[in-house]
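Q: Handing over run.txt, compact mmCIF, C-alpha atoms.
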```
# COMPACT_ATOMS: atom_id res chain seq x y z
CA MET A 1 0.00 0.00 0.00
CA PRO A 2 1.31 3.48 -0.77
CA ARG A 3 2.94 5.24 2.18
CA ASN A 4 1.80 8.70 1.15
CA ASN A 5 -1.82 7.80 0.33
CA PHE A 6 -3.50 6.06 3.27
CA VAL A 7 -7.22 5.97 4.11
CA TYR A 8 -9.04 4.52 7.11
CA LEU A 9 -12.85 4.60 7.01
CA LYS A 10 -15.75 3.43 9.12
CA GLY A 11 -19.30 3.63 7.89
CA ARG A 12 -22.50 1.93 6.78
CA VAL A 13 -23.13 0.35 3.40
CA ILE A 14 -25.89 2.51 1.88
CA LYS A 15 -26.95 0.38 -1.09
CA GLN A 16 -26.56 -3.19 -2.29
CA PRO A 17 -22.92 -3.76 -3.31
CA PHE A 18 -22.06 -4.61 -6.92
CA PHE A 19 -19.86 -7.58 -7.84
CA GLY A 20 -18.45 -8.44 -11.25
CA TYR A 21 -15.25 -9.04 -13.15
CA VAL A 22 -13.04 -6.40 -14.78
CA ALA A 23 -10.40 -6.80 -17.45
CA ILE A 24 -6.83 -6.65 -16.23
CA ASN A 25 -4.88 -3.69 -17.66
CA GLY A 26 -7.85 -2.61 -19.77
CA SER A 27 -7.64 -5.60 -22.09
CA ASP A 28 -10.94 -6.63 -23.67
CA GLY A 29 -11.51 -10.37 -23.80
CA GLY A 30 -8.40 -11.11 -21.76
CA GLU A 31 -7.91 -12.16 -18.18
CA LYS A 32 -10.38 -10.76 -15.65
CA LYS A 33 -10.28 -10.28 -11.90
CA PRO A 34 -13.06 -10.00 -9.30
CA PHE A 35 -14.34 -6.47 -8.63
CA LEU A 36 -16.49 -5.22 -5.74
CA GLN A 37 -18.03 -1.75 -5.51
CA LEU A 38 -20.02 -0.29 -2.65
CA TYR A 39 -20.94 3.08 -1.19
CA LEU A 40 -20.34 3.99 2.46
CA ASP A 41 -22.09 6.64 4.51
CA THR A 42 -19.37 7.94 6.83
CA PRO A 43 -20.62 10.22 9.61
CA ARG A 44 -18.70 13.36 10.52
CA ASP A 45 -17.84 14.44 14.02
CA ARG A 46 -17.41 17.87 15.67
CA THR A 47 -13.90 18.28 14.25
CA GLN A 48 -15.26 18.25 10.69
CA PRO A 49 -17.60 21.23 10.36
CA SER A 50 -20.02 21.02 7.48
CA GLN A 51 -23.60 21.52 6.50
CA PHE A 52 -23.79 17.75 5.94
CA ALA A 53 -23.94 15.05 8.62
CA GLY A 54 -21.64 12.75 6.68
CA ASP A 55 -20.01 11.80 3.41
CA ARG A 56 -20.99 9.16 0.88
CA ILE A 57 -17.86 7.53 -0.40
CA ARG A 58 -17.38 5.14 -3.31
CA VAL A 59 -15.26 2.11 -2.31
CA VAL A 60 -13.86 -0.57 -4.61
CA MET A 61 -11.97 -3.77 -3.95
CA TYR A 62 -10.25 -6.07 -6.41
CA GLY A 63 -9.13 -9.69 -6.41
CA ASP A 64 -9.86 -12.75 -4.33
CA ARG A 65 -10.70 -10.71 -1.22
CA ALA A 66 -13.52 -8.98 -3.15
CA ALA A 67 -14.99 -12.34 -4.19
CA THR A 68 -14.70 -13.68 -0.64
CA LEU A 69 -16.34 -10.66 1.02
CA TYR A 70 -19.14 -9.99 -1.48
CA PRO A 71 -21.58 -12.68 -0.25
CA THR A 72 -21.39 -11.30 3.32
CA LEU A 73 -22.11 -7.65 2.40
CA HIS A 74 -25.50 -5.94 2.19
CA GLU A 75 -27.10 -2.57 2.72
CA GLY A 76 -27.02 -1.37 6.33
CA LEU A 77 -23.91 -3.25 7.44
CA SER A 78 -21.31 -1.37 9.43
CA VAL A 79 -17.80 -1.84 8.05
CA SER A 80 -14.31 -0.48 8.58
CA LEU A 81 -11.59 -0.53 5.97
CA VAL A 82 -8.04 0.42 5.15
CA GLY A 83 -7.04 1.49 1.66
CA TRP A 84 -5.93 4.37 -0.53
CA LEU A 85 -7.43 7.01 -2.83
CA GLN A 86 -7.54 6.38 -6.55
CA HIS A 87 -8.52 8.66 -9.42
CA ARG A 88 -9.75 6.98 -12.62
CA VAL A 89 -10.77 8.28 -16.02
CA PHE A 90 -13.22 6.17 -18.00
CA LYS A 91 -13.22 5.79 -21.80
CA ARG A 92 -15.93 8.43 -22.24
CA GLY A 93 -14.05 10.97 -20.14
CA LYS A 94 -15.97 10.51 -16.89
CA THR A 95 -13.71 10.73 -13.85
CA VAL A 96 -14.17 9.23 -10.41
CA MET A 97 -12.33 9.48 -7.10
CA GLU A 98 -12.71 6.36 -4.99
CA VAL A 99 -11.14 4.47 -2.13
CA VAL A 100 -9.46 1.18 -3.05
CA ALA A 101 -9.95 -1.06 -0.03
CA GLN A 102 -7.07 -3.33 0.78
CA GLU A 103 -8.66 -4.78 3.91
CA MET A 104 -12.29 -4.64 5.06
CA GLN A 105 -13.89 -5.82 8.30
CA VAL A 106 -17.63 -6.22 8.82
CA ALA A 107 -18.62 -5.17 12.35
CA GLY A 108 -19.37 -8.13 14.58
CA GLN A 109 -18.19 -10.76 12.09
CA GLN A 110 -15.09 -12.86 11.94
CA THR A 111 -13.09 -12.06 8.84
CA PRO A 112 -13.54 -14.93 6.38
CA PRO A 113 -10.38 -16.57 5.10
CA VAL A 114 -8.87 -15.19 1.92
CA VAL A 115 -8.77 -17.90 -0.69
CA ASP A 116 -5.41 -18.26 -2.43
CA GLY A 117 -5.41 -16.90 -6.00
CA GLY A 118 -4.68 -20.31 -7.57
CA VAL A 119 -7.40 -22.00 -5.53
CA MET A 120 -9.87 -19.21 -6.39
CA ALA A 121 -9.10 -19.60 -10.11
CA GLN A 122 -9.79 -23.34 -9.81
CA LEU A 123 -13.07 -22.63 -8.00
CA GLN A 124 -14.08 -20.16 -10.72
CA ASP A 125 -13.27 -22.69 -13.47
CA LEU A 126 -15.22 -25.40 -11.67
CA ALA A 127 -18.19 -23.05 -11.18
CA ARG A 128 -18.18 -22.23 -14.92
CA GLN A 129 -17.98 -25.93 -15.85
CA LEU A 130 -20.90 -26.75 -13.56
CA GLU A 131 -22.76 -23.60 -14.66
CA LEU A 132 -22.88 -22.29 -11.10
CA ASP A 133 -22.96 -18.66 -10.04
CA ILE A 134 -19.56 -18.00 -8.40
CA SER A 135 -21.03 -15.67 -5.75
CA SER A 136 -23.50 -18.40 -4.69
CA THR A 137 -20.66 -20.91 -4.63
CA VAL A 138 -18.46 -18.67 -2.48
CA LYS A 139 -21.41 -17.96 -0.17
CA ALA A 140 -21.97 -21.71 0.26
CA LEU A 141 -18.28 -22.21 1.02
CA LEU A 142 -18.34 -19.41 3.60
CA THR A 143 -21.44 -20.92 5.23
CA PHE A 144 -19.67 -24.28 5.38
CA TYR A 145 -16.59 -22.57 6.87
CA GLN A 146 -18.67 -20.65 9.44
CA GLU A 147 -20.53 -23.80 10.50
CA GLY A 148 -17.17 -25.49 11.03
CA GLN A 149 -15.98 -22.55 13.16
CA ASP A 150 -19.19 -22.62 15.21
CA GLY A 151 -18.79 -26.39 15.71
CA GLN A 152 -15.24 -25.85 17.01
CA LYS A 153 -16.49 -23.31 19.56
CA ASP A 154 -19.23 -25.67 20.79
CA GLY A 155 -16.98 -28.73 21.01
```
Is it possible to give me this structure as structure tokens?
A:
Amino acid sequence: MPRNNFVYLKGRVIKQPFFGYVAINGSDGGEKKPFLQLYLDTPRDRTQPSQFAGDRIRVVMYGDRAATLYPTLHEGLSVSLVGWLQHRVFKRGKTVMEVVAQEMQVAGQQTPPVVDGGVMAQLQDLARQLELDISSTVKALLTFYQEGQDGQKDG
């Protein structure tokens, strides 16, 4: 993570997150990586005077962590994250300033394990072969993982 561009945020997810795949290095038809986008409502405190009670901030996350977290996220959840600011220009000239989350924690939940890139690629290939939705598959795996963690606590 850049040393001169560091962001720490806490807030609530204000609409259903979006998950998809984006081309790596802008290549069409080439390799793609998981992409997560959400919007956070971050309240201000007394040290940040403004006419508004908070800020709505666009947050993105890339890679295996995005695919792992997506099934657990929904509107209204409280999350905290660490990342950096990014400025992008789209093909049609639209620009956007967003936070690229490197780590994200959902309040009150154990952080799910990050699936190794090679393992995740194999899961994605298997899901395509079986015509499964990868987000449903990852959600089922996380449920299986969570049940195993709960069983360890009980036993």
Q: Using only C-alpha atoms, determine which residues lie at most 9 Å from region 86-99 of chain A, disregarding the query and same-chain residues fewer than 4 positions distant; provide the list as a count of residues only.
A: 7
Q: For a test of reading the model, state the distance in Å between CA of Gly63 (chain A) and CA of Ile24 (chain A), rounded to one decimal.
A: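 Separation of CA of Gly63 (chain A) and CA of Ile24 (chain A): 10.5 Å.
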Q: Pick from A:Leu85, A:Ser78, A:Ala53, A:Leu130: nearest to Ala107 (chain A), with only C-alpha atoms counted?
A: A:Ser78
Q: Between CA of Phe35 (chain A) and CA of Val22 (chain A), what distance in Å does the model show, to one decimal?
A: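 Taking CA of Phe35 (chain A) as the start and CA of Val22 (chain A) as the end point, the length is 6.3 Å.
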Q: Kindly give the distance, in Å, that separates CA of Ala66 (chain A) and CA of Gly54 (chain A), rounded to a single decimal.
A: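 About the pair CA of Ala66 (chain A) and CA of Gly54 (chain A): they are 25.2 Å apart.
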Q: Which polymer residues have any atom within 8 Å of an atom of Arg12 (chain A), counting all atoms listed in the file, with same-chain residues fewer than 5 positions away left out, as JSON, numbers by chain?
A: {"A": [40, 41, 42, 75, 76, 77, 78, 79]}
Q: Could those selected residues go to a file with C-alpha atoms, as a PDB file, in the frame of the given file?
A:
```pdb
ATOM      1  CA  LEU A  40     -20.340   3.990   2.460  1.00  0.00           C
ATOM      2  CA  ASP A  41     -22.090   6.640   4.510  1.00  0.00           C
ATOM      3  CA  THR A  42     -19.370   7.940   6.830  1.00  0.00           C
ATOM      4  CA  GLU A  75     -27.100  -2.570   2.720  1.00  0.00           C
ATOM      5  CA  GLY A  76     -27.020  -1.370   6.330  1.00  0.00           C
ATOM      6  CA  LEU A  77     -23.910  -3.250   7.440  1.00  0.00           C
ATOM      7  CA  SER A  78     -21.310  -1.370   9.430  1.00  0.00           C
ATOM      8  CA  VAL A  79     -17.800  -1.840   8.050  1.00  0.00           C
TER       9      VAL A  79
END
```
Q: Assuming 4 Å of padding per side, give the centre and edge lengths of the axis-aligned box around every listed atom of region 10-26 of chain A, in Å to one decimal and as JSON.
A:
```
{"center_x": -15.9, "center_y": -2.7, "center_z": -5.3, "size_x": 30.1, "size_y": 20.7, "size_z": 36.9}
```
Q: When you count only C-alpha atoms, which of these residues is closest to Leu9 (chain A): A:Ala140, A:Ala67, A:Met104, A:Leu81?
A: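 Smallest distance to Leu9 (chain A) is found for A:Leu81.
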Q: Smallest atom-to-atom distance to Ala23 (chain A): which of A:Tyr62, A:Val100, A:Arg56, A:Ser50, using only C-alpha atoms?
A: A:Tyr62
Q: Which one is closest to Leu38 (chain A): A:Val106, A:Leu69, A:Val13, A:Ala101? Count all atoms listed in the file.
A: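 Of the candidates, the smallest distance to Leu38 (chain A) is held by A:Val13.
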Q: Show me that you can extract region 53-75 of chain A, keeping N, CA and C atoms, and write it as a PDB file, in the first residue's frame.
A:
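Once everything was written out, this is part03.pdb:
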```
ATOM      1  N   ALA A  53     -24.209  15.913   7.470  1.00  0.00           N
ATOM      2  CA  ALA A  53     -23.936  15.050   8.625  1.00  0.00           C
ATOM      3  C   ALA A  53     -22.860  14.014   8.316  1.00  0.00           C
ATOM      4  N   GLY A  54     -22.629  13.757   7.036  1.00  0.00           N
ATOM      5  CA  GLY A  54     -21.639  12.746   6.676  1.00  0.00           C
ATOM      6  C   GLY A  54     -21.289  12.795   5.207  1.00  0.00           C
ATOM      7  N   ASP A  55     -20.449  11.879   4.799  1.00  0.00           N
ATOM      8  CA  ASP A  55     -20.012  11.796   3.414  1.00  0.00           C
ATOM      9  C   ASP A  55     -20.407  10.440   2.854  1.00  0.00           C
ATOM     10  N   ARG A  56     -20.717  10.420   1.582  1.00  0.00           N
ATOM     11  CA  ARG A  56     -20.989   9.163   0.878  1.00  0.00           C
ATOM     12  C   ARG A  56     -19.800   8.900  -0.017  1.00  0.00           C
ATOM     13  N   ILE A  57     -19.137   7.798   0.239  1.00  0.00           N
ATOM     14  CA  ILE A  57     -17.858   7.533  -0.403  1.00  0.00           C
ATOM     15  C   ILE A  57     -17.929   6.231  -1.201  1.00  0.00           C
ATOM     16  N   ARG A  58     -17.449   6.316  -2.438  1.00  0.00           N
ATOM     17  CA  ARG A  58     -17.377   5.135  -3.307  1.00  0.00           C
ATOM     18  C   ARG A  58     -16.148   4.320  -2.905  1.00  0.00           C
ATOM     19  N   VAL A  59     -16.345   3.015  -2.706  1.00  0.00           N
ATOM     20  CA  VAL A  59     -15.259   2.115  -2.306  1.00  0.00           C
ATOM     21  C   VAL A  59     -15.230   0.957  -3.298  1.00  0.00           C
ATOM     22  N   VAL A  60     -14.032   0.587  -3.741  1.00  0.00           N
ATOM     23  CA  VAL A  60     -13.863  -0.571  -4.614  1.00  0.00           C
ATOM     24  C   VAL A  60     -12.835  -1.511  -4.005  1.00  0.00           C
ATOM     25  N   MET A  61     -12.939  -2.767  -4.384  1.00  0.00           N
ATOM     26  CA  MET A  61     -11.973  -3.768  -3.952  1.00  0.00           C
ATOM     27  C   MET A  61     -11.792  -4.737  -5.112  1.00  0.00           C
ATOM     28  N   TYR A  62     -10.565  -5.173  -5.304  1.00  0.00           N
ATOM     29  CA  TYR A  62     -10.246  -6.070  -6.407  1.00  0.00           C
ATOM     30  C   TYR A  62      -9.693  -7.387  -5.883  1.00  0.00           C
ATOM     31  N   GLY A  63      -9.797  -8.435  -6.694  1.00  0.00           N
ATOM     32  CA  GLY A  63      -9.132  -9.695  -6.406  1.00  0.00           C
ATOM     33  C   GLY A  63      -9.945 -10.663  -5.574  1.00  0.00           C
ATOM     34  N   ASP A  64      -9.232 -11.664  -5.070  1.00  0.00           N
ATOM     35  CA  ASP A  64      -9.857 -12.746  -4.326  1.00  0.00           C
ATOM     36  C   ASP A  64     -10.589 -12.260  -3.081  1.00  0.00           C
ATOM     37  N   ARG A  65     -10.059 -11.253  -2.434  1.00  0.00           N
ATOM     38  CA  ARG A  65     -10.698 -10.714  -1.222  1.00  0.00           C
ATOM     39  C   ARG A  65     -12.082 -10.157  -1.558  1.00  0.00           C
ATOM     40  N   ALA A  66     -12.217  -9.508  -2.724  1.00  0.00           N
ATOM     41  CA  ALA A  66     -13.516  -8.977  -3.151  1.00  0.00           C
ATOM     42  C   ALA A  66     -14.525 -10.110  -3.332  1.00  0.00           C
ATOM     43  N   ALA A  67     -14.096 -11.198  -3.972  1.00  0.00           N
ATOM     44  CA  ALA A  67     -14.987 -12.338  -4.190  1.00  0.00           C
ATOM     45  C   ALA A  67     -15.364 -13.007  -2.876  1.00  0.00           C
ATOM     46  N   THR A  68     -14.439 -13.047  -1.933  1.00  0.00           N
ATOM     47  CA  THR A  68     -14.696 -13.676  -0.641  1.00  0.00           C
ATOM     48  C   THR A  68     -15.658 -12.847   0.204  1.00  0.00           C
ATOM     49  N   LEU A  69     -15.505 -11.526   0.180  1.00  0.00           N
ATOM     50  CA  LEU A  69     -16.339 -10.658   1.021  1.00  0.00           C
ATOM     51  C   LEU A  69     -17.737 -10.405   0.457  1.00  0.00           C
ATOM     52  N   TYR A  70     -17.868 -10.393  -0.862  1.00  0.00           N
ATOM     53  CA  TYR A  70     -19.140  -9.992  -1.476  1.00  0.00           C
ATOM     54  C   TYR A  70     -20.369 -10.693  -0.894  1.00  0.00           C
ATOM     55  N   PRO A  71     -20.364 -12.019  -0.745  1.00  0.00           N
ATOM     56  CA  PRO A  71     -21.580 -12.676  -0.246  1.00  0.00           C
ATOM     57  C   PRO A  71     -21.985 -12.251   1.168  1.00  0.00           C
ATOM     58  N   THR A  72     -21.066 -11.682   1.938  1.00  0.00           N
ATOM     59  CA  THR A  72     -21.385 -11.301   3.319  1.00  0.00           C
ATOM     60  C   THR A  72     -21.869  -9.852   3.433  1.00  0.00           C
ATOM     61  N   LEU A  73     -21.791  -9.079   2.347  1.00  0.00           N
ATOM     62  CA  LEU A  73     -22.108  -7.647   2.400  1.00  0.00           C
ATOM     63  C   LEU A  73     -23.532  -7.362   1.935  1.00  0.00           C
ATOM     64  N   HIS A  74     -24.178  -6.414   2.603  1.00  0.00           N
ATOM     65  CA  HIS A  74     -25.496  -5.943   2.185  1.00  0.00           C
ATOM     66  C   HIS A  74     -25.742  -4.561   2.776  1.00  0.00           C
ATOM     67  N   GLU A  75     -26.754  -3.915   2.269  1.00  0.00           N
ATOM     68  CA  GLU A  75     -27.105  -2.575   2.724  1.00  0.00           C
ATOM     69  C   GLU A  75     -27.352  -2.565   4.222  1.00  0.00           C
TER      70      GLU A  75
END
```
